[in-house]
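Asker: Sharing my_file_38.cif here; it has mmCIF, C-alpha atoms.
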data_query
loop_
_atom_site.label_atom_id
_atom_site.label_comp_id
_atom_site.auth_asym_id
_atom_site.auth_seq_id
_atom_site.Cartn_x
_atom_site.Cartn_y
_atom_site.Cartn_z
CA MET A 108 -135.17 -21.50 -141.27
CA ARG A 109 -132.30 -22.87 -143.38
CA THR A 110 -131.12 -26.40 -142.72
CA LEU A 111 -127.65 -27.66 -143.52
CA ASP A 112 -128.95 -29.41 -146.63
CA MET A 113 -130.65 -26.34 -148.07
CA PRO A 114 -128.93 -23.67 -150.14
CA HIS A 115 -128.10 -20.32 -148.54
CA LYS A 116 -129.99 -18.20 -151.06
CA SER A 117 -133.03 -18.53 -153.20
CA PHE A 118 -133.69 -17.01 -156.62
CA GLN A 119 -136.67 -17.12 -158.91
CA SER A 120 -136.18 -18.85 -162.24
CA SER A 121 -136.70 -15.52 -164.02
CA ASP A 122 -133.57 -14.22 -162.24
CA LEU A 123 -131.49 -16.60 -164.36
CA SER A 124 -132.26 -14.53 -167.44
CA ARG A 125 -132.63 -11.08 -165.85
CA HIS A 126 -129.74 -11.20 -163.35
CA SER A 127 -127.72 -14.25 -164.38
CA SER A 128 -124.39 -12.83 -163.18
CA THR A 129 -125.78 -12.34 -159.66
CA VAL A 130 -127.20 -15.87 -159.57
CA PHE A 131 -124.01 -17.43 -160.94
CA GLU A 132 -121.82 -15.44 -158.55
CA ALA A 133 -123.88 -16.69 -155.60
CA ALA A 134 -123.75 -20.28 -156.92
CA GLU A 135 -119.95 -20.14 -157.12
CA ASP A 136 -119.88 -19.38 -153.39
CA HIS A 137 -122.49 -21.92 -152.26
CA PRO A 138 -125.47 -23.85 -153.66
CA VAL A 139 -128.51 -21.69 -154.44
CA GLN A 140 -132.12 -22.66 -154.81
CA VAL A 141 -133.90 -21.70 -158.02
CA THR A 142 -137.65 -21.60 -157.44
CA ARG A 143 -140.08 -22.29 -160.26
CA ARG A 144 -143.83 -21.83 -160.48
CA ASP A 145 -144.26 -24.54 -163.09
CA GLY A 146 -142.10 -27.28 -161.60
CA GLU A 147 -139.94 -28.55 -158.81
CA ASP A 148 -137.32 -26.19 -157.40
CA LEU A 149 -133.75 -26.72 -158.58
CA VAL A 150 -130.36 -26.28 -156.93
CA LEU A 151 -127.50 -24.59 -158.77
CA MET A 152 -123.97 -25.19 -157.50
CA SER A 153 -120.37 -25.16 -158.70
CA GLN A 154 -118.71 -28.27 -160.04
CA ARG A 155 -116.30 -28.05 -157.07
CA GLU A 156 -119.25 -28.27 -154.66
CA ALA A 157 -120.82 -31.16 -156.58
CA ASP A 158 -117.48 -33.03 -156.62
CA ALA A 159 -117.03 -32.47 -152.87
CA ARG A 160 -120.48 -33.87 -152.19
CA GLU A 161 -119.80 -36.86 -154.42
CA SER A 162 -116.50 -37.54 -152.64
CA LEU A 163 -118.21 -37.33 -149.28
CA LEU A 164 -120.87 -39.83 -150.38
CA GLN A 165 -118.20 -42.22 -151.65
CA LEU A 166 -116.34 -41.93 -148.35
CA ALA A 167 -119.59 -42.57 -146.48
CA ALA A 168 -120.17 -45.74 -148.49
CA GLN A 169 -116.62 -46.95 -147.74
CA LEU A 170 -116.89 -46.18 -144.03
CA ILE A 171 -120.26 -47.89 -143.74
CA ALA A 172 -118.84 -50.95 -145.49
CA ALA A 173 -115.90 -51.03 -143.07
CA ALA A 174 -118.04 -50.39 -139.99
CA THR A 175 -120.50 -53.15 -140.85
CA ASN A 176 -117.84 -55.71 -141.78
CA GLU A 177 -118.03 -58.41 -139.13
CA ARG A 178 -114.59 -59.86 -139.91
CA GLY A 179 -111.85 -58.35 -137.78
CA THR A 180 -111.56 -54.96 -136.17
CA LEU A 181 -112.62 -51.65 -137.64
CA ALA A 182 -108.98 -50.78 -138.30
CA GLU A 183 -108.47 -54.08 -140.17
CA SER A 184 -111.60 -53.52 -142.24
CA MET A 185 -110.56 -49.98 -143.08
CA ALA A 186 -107.06 -51.14 -144.04
CA GLU A 187 -108.72 -53.39 -146.64
CA LEU A 188 -110.41 -50.32 -148.13
CA PHE A 189 -107.41 -48.02 -147.70
CA PRO A 190 -104.30 -50.19 -148.24
CA TRP A 191 -101.98 -47.28 -147.40
CA MET A 192 -103.05 -47.82 -143.76
CA LEU A 193 -100.91 -50.97 -143.76
CA ALA A 194 -97.82 -48.73 -143.56
CA LEU A 195 -99.00 -47.64 -140.09
CA ASP A 196 -98.39 -49.73 -136.99
CA ALA A 197 -101.38 -51.35 -135.27
CA ALA A 198 -101.87 -48.51 -132.76
CA ASP A 199 -101.73 -45.87 -135.49
CA ARG A 200 -104.14 -47.87 -137.68
CA ALA A 201 -106.62 -47.90 -134.80
CA ALA A 202 -106.13 -44.16 -134.22
CA CYS A 203 -106.47 -43.50 -137.94
CA ALA A 204 -109.71 -45.49 -138.17
CA SER A 205 -111.15 -43.62 -135.20
CA ASP A 206 -110.03 -40.22 -136.49
CA LEU A 207 -111.48 -40.88 -139.94
CA LEU A 208 -114.83 -41.88 -138.48
CA HIS A 209 -114.97 -38.79 -136.28
CA ALA A 210 -114.01 -36.48 -139.16
CA ALA A 211 -116.56 -38.13 -141.42
CA ARG A 212 -119.29 -37.71 -138.82
CA ALA A 213 -118.38 -34.03 -138.49
CA SER A 214 -118.46 -33.67 -142.29
CA PHE A 215 -121.86 -35.32 -142.55
CA ALA A 216 -123.29 -33.28 -139.66
CA THR A 217 -122.07 -29.95 -141.03
CA ASN A 218 -122.20 -30.70 -144.76
CA GLN A 219 -118.52 -29.72 -144.96
CA ALA A 220 -116.72 -32.37 -146.99
CA HIS A 221 -113.31 -30.78 -146.45
CA LEU A 222 -113.21 -31.98 -142.82
CA ALA A 223 -113.13 -35.65 -143.80
CA VAL A 224 -110.98 -35.03 -146.87
CA ALA A 225 -108.36 -33.19 -144.79
CA GLU A 226 -108.25 -35.99 -142.19
CA ILE A 227 -107.91 -38.77 -144.73
CA THR A 228 -105.25 -36.79 -146.61
CA ALA A 229 -103.24 -36.15 -143.44
CA TRP A 230 -103.27 -39.83 -142.43
CA ARG A 231 -102.47 -40.97 -145.99
CA GLU A 232 -99.51 -38.59 -146.19
CA THR A 233 -98.32 -39.83 -142.79
CA ALA A 234 -98.46 -43.42 -144.03
CA ILE A 235 -96.55 -42.46 -147.17
CA ALA A 236 -93.86 -40.75 -145.09
CA ILE A 237 -93.51 -43.81 -142.85
CA ALA A 238 -93.33 -46.10 -145.88
CA ALA A 239 -90.56 -43.86 -147.27
CA GLY A 240 -88.57 -44.36 -144.08
CA LEU A 241 -89.24 -40.97 -142.55
CA THR A 242 -89.78 -41.87 -138.93
CA ARG A 243 -89.60 -39.96 -135.72
CA THR A 244 -86.16 -39.62 -134.24
CA ASP A 245 -85.21 -38.48 -130.80
CA VAL A 246 -83.74 -35.02 -130.65
CA ASP A 247 -80.78 -34.24 -128.39
CA TRP A 248 -81.38 -30.81 -126.93
CA ILE A 249 -78.33 -28.89 -125.83
CA ASP A 250 -79.39 -26.96 -122.75
CA ASP A 251 -75.98 -26.30 -121.24
CA GLU A 252 -74.45 -24.10 -123.87
CA PRO A 253 -75.83 -20.59 -124.27
CA VAL A 254 -75.78 -19.19 -127.76
CA GLY A 255 -74.33 -15.74 -128.26
CA ARG A 256 -76.03 -13.00 -130.20
CA PRO A 257 -75.43 -13.05 -133.93
#
Using the file provided, produce a representation of the structure as structure tokens.

Answerer:
Amino acid sequence: MRTLDMPHKSFQSSDLSRHSSTVFEAAEDHPVQVTRRDGEDLVLMSQREADARESLLQLAAQLIAAATNERGTLAESMAELFPWMLALDAADRAACASDLLHAARASFATNQAHLAVAEITAWRETAIAIAAGLTRTDVDWIDDEPVGRP
């Protein structure tokens, strides 16, 4: 049975020379296991996949540092690591911290780095928009005047 940490497919090392295009095509889609008789099995993956895993590990290290910081709240600790959070008000910083932790947990549990990356990107872009002065404004809806057909 495949676990989340294991590659989807397995190939023998001889397949790298006999059917390299098949092995490489599979590795572009997801990590593949290359089994060897004379040594430890290897995993072949795309650079994109390796970069995503590296980013997820870096995020994990940052979140663990923030979560174990005993000075201040989680939101304050995370704002030290992610200074863009300072553009958010206190309630949004708390929501952001919570959302990032939940997305990171989902990413770690499913081995899908894009979940955490998407959440952090969305909150960062929100903070940038707020810092640029783009805030919510109330909209005046006109309910009394029907609009004719064009």

Asker: Apply the PyMOL selection byres ((chain A and resi 207) around 12) to the file shown and report the selected residues as a ChimeraX atom specification.

Answerer: /A:166-167,169-171,173-174,181-182,185-186,189,192,199-206,208-214,222-231

Asker: Which value, in Å to one decimal, gives the distance between atom CA of A:Asp136 and atom CA of A:Gln154?

Answerer: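 Rounded to one decimal, the two atoms are 11.2 Å apart.
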
Asker: Would you please work out which residue, of A:Glu187, A:Gly255, A:Arg243, A:Glu156, is nearest to A:Ala220 when using all atoms listed in the file?

Answerer: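 Closest to A:Ala220 of all the choices is A:Glu156.
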
Asker: As an exercise, work out the distance from atom CA of A:Trp191 to atom CA of A:Glu177 in Å and give it to one decimal place.

Answerer: 21.2 Å

Asker: What gap, in Å, lies between atom CA of A:Leu163 and atom CA of A:Leu188?

Answerer: 15.2 Å

Asker: A:Leu193, A:Ala198, A:Val139, A:Asn218: which is nearest A:Ser162, counting all atoms listed in the file?

Answerer: A:Asn218

Asker: Please identify all polymer residues within 8 Å of A:Met152, counting all atoms listed in the file, omitting same-chain residues fewer than 4 positions from it, and present them as an NGL selection string.

Answerer: :A and (134-135 or 137-139 or 156-157)

Asker: With distances taken over only C-alpha atoms, which residue among A:Ser120, A:Gln219, A:Thr175, A:Thr242 lies nearest A:Gln140?

Answerer: A:Ser120

Asker: For stretch 141-144 of chain A, list every protein, DNA or RNA residue within 7 Å, evaluated using only C-alpha atoms, and leave out those in the same chain fewer than 4 positions away; present the list as a PDB file with C-alpha atoms, keeping the file's coordinate frame.

Answerer:
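Produced file part01.pdb, reproduced below:
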ATOM      1  CA  SER A 117    -133.030 -18.530-153.200  1.00  0.00           C
ATOM      2  CA  PHE A 118    -133.690 -17.010-156.620  1.00  0.00           C
ATOM      3  CA  GLN A 119    -136.670 -17.120-158.910  1.00  0.00           C
ATOM      4  CA  SER A 120    -136.180 -18.850-162.240  1.00  0.00           C
ATOM      5  CA  ASP A 148    -137.320 -26.190-157.400  1.00  0.00           C
ATOM      6  CA  LEU A 149    -133.750 -26.720-158.580  1.00  0.00           C
ATOM      7  CA  VAL A 150    -130.360 -26.280-156.930  1.00  0.00           C
TER       8      VAL A 150
END

Asker: As lines of an AutoDock Vina configuration file, please: the centre and edge lengths in Å, to one decimal, of an axis-aligned box enclosing every listed atom of stretch 180-195 of chain A with 3 Å added on each side.

Answerer:
center_x = -105.2
center_y = -51.1
center_z = -142.2
size_x = 20.8
size_y = 13.7
size_z = 18.1

Asker: Nearest residue to A:Glu183 out of A:Glu132, A:Leu195, A:Ala159, A:Ile249, using only C-alpha atoms?

Answerer: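 Under the stated criterion, the closest residue is A:Leu195.
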
Asker: Check the smallest atom-to-atom distance from each of A:Asp247, A:Ser153, A:Phe215, A:Ala194 to A:Ile235 using only C-alpha atoms, then report the winner.

Answerer: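 The answer is A:Ala194, which sits nearest to A:Ile235.
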